[in-house]
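J.: Below you'll find the structure I mean.
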Amino acid sequence: MSFTPPRRYWLTGASNGIGASLAEEILKTGAHLAVSSRSVASLKVLSQRYPGQVLVVAGDLTNSQTVREIGEQIAQCWGTLDTVILNAGTCEYVDVQQFDSSIVEHVVRTNLLASGYCIEAALPLLRAGIAPRLVGVASSVTYLPLPRAEAHGASKPGLRYLFESLRIDLALEGIEITVVSPGFVETPLTAENVPVALSWPADKAARHIFAELKNRQPEIALPALFMAALWPLPKIPNQGKLAIGKRMVRSNPPIKDQP
């Protein structure tokens with residue numbers, strides 16, 4: 001009787017939100033999971049709850065040397081990866097009355113450049129893996145410009161393009177690419193700003209993403225009806241996009257999400 005080794009995952013942004021819930025879904029299958037975030041405490045709690053399954057590789061993913069060291073640590077412990085899910089990201093809203101370019105720099109570095117560092121570390125391990133898959137979490141902002149989302153909206157379409165180009169270039173190597181496009185997922189921020197009917201709880205979103213990953217889908221969009229309504233929006237003339245965006249502008253100061 002042949003032995004099938006557990007599938008090996010690397011998940012970034014694993015300490016809260018979709019990432020924390022997705023970690024639970026992965027570990028419940030008996031898989032082994034390397035988890036990354038800036039916060040170590042919650043990752044250690046996870047490793048205690050699932051002894052022998054969790055490899056804690058915490059660190060600041062915007063630091064290329066840190067990411068290289070994480071890749072080396074995974075290589076030394078496991079030698080391979082089967083699935084890499086790049087979920088880490090941030091959103092900081094821009095106040096155009098006091099435009100701060102450092103916000104754009106920080107968000108692009110966190111959402112886009114850090115993903116590039118992680119891909120560099122992950123690809124050699126995926127090439128040694130079984131049915132390898134690279135997953136990137138994009139955003140619904142790739143379909144429509146939104147108010148105060150200049151920084152976030154600049155980073156996520158770049159991330160989508162990065163992954164869709166990789167899908168072409170890695171196809172001959174058998175490394176499959178999946179792009180996840182979440183709409184609104186329930187957080188303290190969306191609870192104040194988004195109608196409940198348009199948002200999903202993080203655990204429900206994680207269950208949906210993980211189920212679709214098993215089906216090896218190239219694109220995962222959620223909530224499905226909300227995202228289906230967004231897909232045609234890029235074809236709307238600019239005046240129409242402006243009219244939609246204006247209706248979403250509020251007078252109160254922008255809120256910054258915490259990484």
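Here, A, B, ... name the chains of the structure tokens in the order displayed, residue numbers run from 1 inside each chain, and ligands are numbered from 1 in the same displayed order.
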Got a sec: who's within 7 Å of Leu112 (chain A), counting only C-alpha atoms, leaving out chain neighbours fewer than 3 positions off, as an MDAnalysis selection string?
T.: chainID A and resid 108:109 115:116 155 158:159
J.: Selected residues, C-alpha atoms, written as a PDB file, in the first residue's frame, please.
T.:
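As written to disk, selection_35.pdb reads:
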ATOM      1  CA  VAL A 108       1.916  48.982  -3.512  1.00  0.00           C
ATOM      2  CA  ARG A 109       4.899  47.563  -1.621  1.00  0.00           C
ATOM      3  CA  SER A 115       3.939  39.203  -3.765  1.00  0.00           C
ATOM      4  CA  GLY A 116       6.839  39.329  -6.207  1.00  0.00           C
ATOM      5  CA  SER A 155      -1.852  47.765  -6.508  1.00  0.00           C
ATOM      6  CA  GLY A 158      -1.029  45.074 -11.042  1.00  0.00           C
ATOM      7  CA  LEU A 159      -1.252  41.931  -8.923  1.00  0.00           C
TER       8      LEU A 159
END
J.: Applying 8 Å and only C-alpha atoms, which residues near region 204-220 of chain A remain after dropping the ones on its own chain fewer than 3 positions away? List them as a PyMOL selection string.
T.: chain A and resi 18-19+21-22+25-26+176-181+185+200-201+223
J.: Once you have the residues from the selection above, write them out as a PDB file, in the first residue's frame, restricted to N, CA and C atoms.
T.:
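Written out: result-v2.pdb:
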ATOM      1  N   ILE A  18      -9.817  36.473   6.153  1.00  0.00           N
ATOM      2  CA  ILE A  18      -9.920  35.301   5.293  1.00  0.00           C
ATOM      3  C   ILE A  18      -8.741  34.362   5.535  1.00  0.00           C
ATOM      4  N   GLY A  19      -7.545  34.930   5.737  1.00  0.00           N
ATOM      5  CA  GLY A  19      -6.364  34.097   5.914  1.00  0.00           C
ATOM      6  C   GLY A  19      -6.474  33.164   7.102  1.00  0.00           C
ATOM      7  N   SER A  21      -9.209  32.104   8.600  1.00  0.00           N
ATOM      8  CA  SER A  21     -10.250  31.102   8.344  1.00  0.00           C
ATOM      9  C   SER A  21      -9.787  30.085   7.305  1.00  0.00           C
ATOM     10  N   LEU A  22      -9.041  30.537   6.314  1.00  0.00           N
ATOM     11  CA  LEU A  22      -8.537  29.631   5.290  1.00  0.00           C
ATOM     12  C   LEU A  22      -7.526  28.650   5.888  1.00  0.00           C
ATOM     13  N   GLU A  25      -9.449  25.817   7.365  1.00  0.00           N
ATOM     14  CA  GLU A  25      -9.979  24.913   6.344  1.00  0.00           C
ATOM     15  C   GLU A  25      -8.892  23.978   5.822  1.00  0.00           C
ATOM     16  N   ILE A  26      -7.704  24.511   5.600  1.00  0.00           N
ATOM     17  CA  ILE A  26      -6.593  23.705   5.094  1.00  0.00           C
ATOM     18  C   ILE A  26      -6.176  22.661   6.114  1.00  0.00           C
ATOM     19  N   GLU A 176      -0.145  25.618 -12.055  1.00  0.00           N
ATOM     20  CA  GLU A 176      -1.408  26.287 -12.350  1.00  0.00           C
ATOM     21  C   GLU A 176      -1.562  27.545 -11.498  1.00  0.00           C
ATOM     22  N   ILE A 177      -2.270  28.508 -12.045  1.00  0.00           N
ATOM     23  CA  ILE A 177      -2.464  29.800 -11.385  1.00  0.00           C
ATOM     24  C   ILE A 177      -3.954  30.016 -11.129  1.00  0.00           C
ATOM     25  N   THR A 178      -4.272  30.468  -9.926  1.00  0.00           N
ATOM     26  CA  THR A 178      -5.643  30.862  -9.595  1.00  0.00           C
ATOM     27  C   THR A 178      -5.627  32.284  -9.062  1.00  0.00           C
ATOM     28  N   VAL A 179      -6.541  33.110  -9.574  1.00  0.00           N
ATOM     29  CA  VAL A 179      -6.715  34.470  -9.068  1.00  0.00           C
ATOM     30  C   VAL A 179      -8.038  34.526  -8.309  1.00  0.00           C
ATOM     31  N   VAL A 180      -7.991  34.972  -7.059  1.00  0.00           N
ATOM     32  CA  VAL A 180      -9.181  35.116  -6.230  1.00  0.00           C
ATOM     33  C   VAL A 180      -9.581  36.587  -6.226  1.00  0.00           C
ATOM     34  N   SER A 181     -10.855  36.846  -6.510  1.00  0.00           N
ATOM     35  CA  SER A 181     -11.358  38.219  -6.526  1.00  0.00           C
ATOM     36  C   SER A 181     -12.469  38.361  -5.492  1.00  0.00           C
ATOM     37  N   VAL A 185     -15.897  41.397   2.215  1.00  0.00           N
ATOM     38  CA  VAL A 185     -15.907  40.384   3.270  1.00  0.00           C
ATOM     39  C   VAL A 185     -16.038  41.102   4.594  1.00  0.00           C
ATOM     40  N   TRP A 200     -19.804  38.927   2.825  1.00  0.00           N
ATOM     41  CA  TRP A 200     -19.783  37.561   3.350  1.00  0.00           C
ATOM     42  C   TRP A 200     -18.943  37.535   4.618  1.00  0.00           C
ATOM     43  N   PRO A 201     -19.270  36.672   5.588  1.00  0.00           N
ATOM     44  CA  PRO A 201     -18.363  36.456   6.713  1.00  0.00           C
ATOM     45  C   PRO A 201     -17.061  35.839   6.215  1.00  0.00           C
ATOM     46  N   PRO A 223     -18.636  37.628  -3.282  1.00  0.00           N
ATOM     47  CA  PRO A 223     -19.834  36.812  -3.530  1.00  0.00           C
ATOM     48  C   PRO A 223     -20.147  36.799  -5.027  1.00  0.00           C
TER      49      PRO A 223
END
J.: Contacts of region 42-46 of chain A at 12 Å or less, counting only C-alpha atoms, minus same-chain residues fewer than 4 places along, as a ChimeraX atom specification?
T.: /A:11-16,19-21,23-24,26-28,33-38,50-59
J.: Please return as a CSV table (one decimal) with C-alpha atoms, in the first residue's frame: the residues of region 5-202 of chain A that backbone DSSP assigns to strand (DSSP E).
T.:
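Here's the written file part00.csv:
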chain,number,residue,atom,x,y,z
A,8,ARG,CA,2.0,21.2,1.7
A,9,TYR,CA,0.8,24.7,1.6
A,10,TRP,CA,2.3,28.2,2.3
A,11,LEU,CA,-0.3,30.8,3.2
A,12,THR,CA,0.5,34.5,3.8
A,32,HIS,CA,0.8,20.7,6.4
A,33,LEU,CA,0.7,24.5,6.4
A,34,ALA,CA,3.5,27.1,6.5
A,35,VAL,CA,1.9,30.3,7.8
A,36,SER,CA,3.2,33.9,7.5
A,54,VAL,CA,2.0,24.0,11.2
A,55,LEU,CA,5.3,25.6,10.3
A,56,VAL,CA,5.5,29.2,11.6
A,83,THR,CA,0.2,25.1,-3.1
A,84,VAL,CA,1.1,28.7,-2.3
A,85,ILE,CA,-1.7,31.2,-1.4
A,86,LEU,CA,-0.5,34.8,-1.4
A,133,ARG,CA,-0.7,25.7,-7.7
A,134,LEU,CA,0.0,29.4,-7.1
A,135,VAL,CA,-2.9,31.5,-5.8
A,136,GLY,CA,-3.1,35.3,-5.6
A,137,VAL,CA,-5.8,37.2,-3.8
A,176,GLU,CA,-1.4,26.3,-12.4
A,177,ILE,CA,-2.5,29.8,-11.4
A,178,THR,CA,-5.6,30.9,-9.6
A,179,VAL,CA,-6.7,34.5,-9.1
A,180,VAL,CA,-9.2,35.1,-6.2
A,181,SER,CA,-11.4,38.2,-6.5
A,182,PRO,CA,-13.2,38.9,-3.3
A,184,PHE,CA,-16.8,42.7,0.4
A,185,VAL,CA,-15.9,40.4,3.3
A,199,SER,CA,-20.8,41.0,2.2
A,200,TRP,CA,-19.8,37.6,3.3
J.: Counting only C-alpha atoms, which residue out of A:Ala131, A:Ala221, A:Leu162, A:Val40 sits closest to Ile119 (chain A)?
T.: A:Leu162
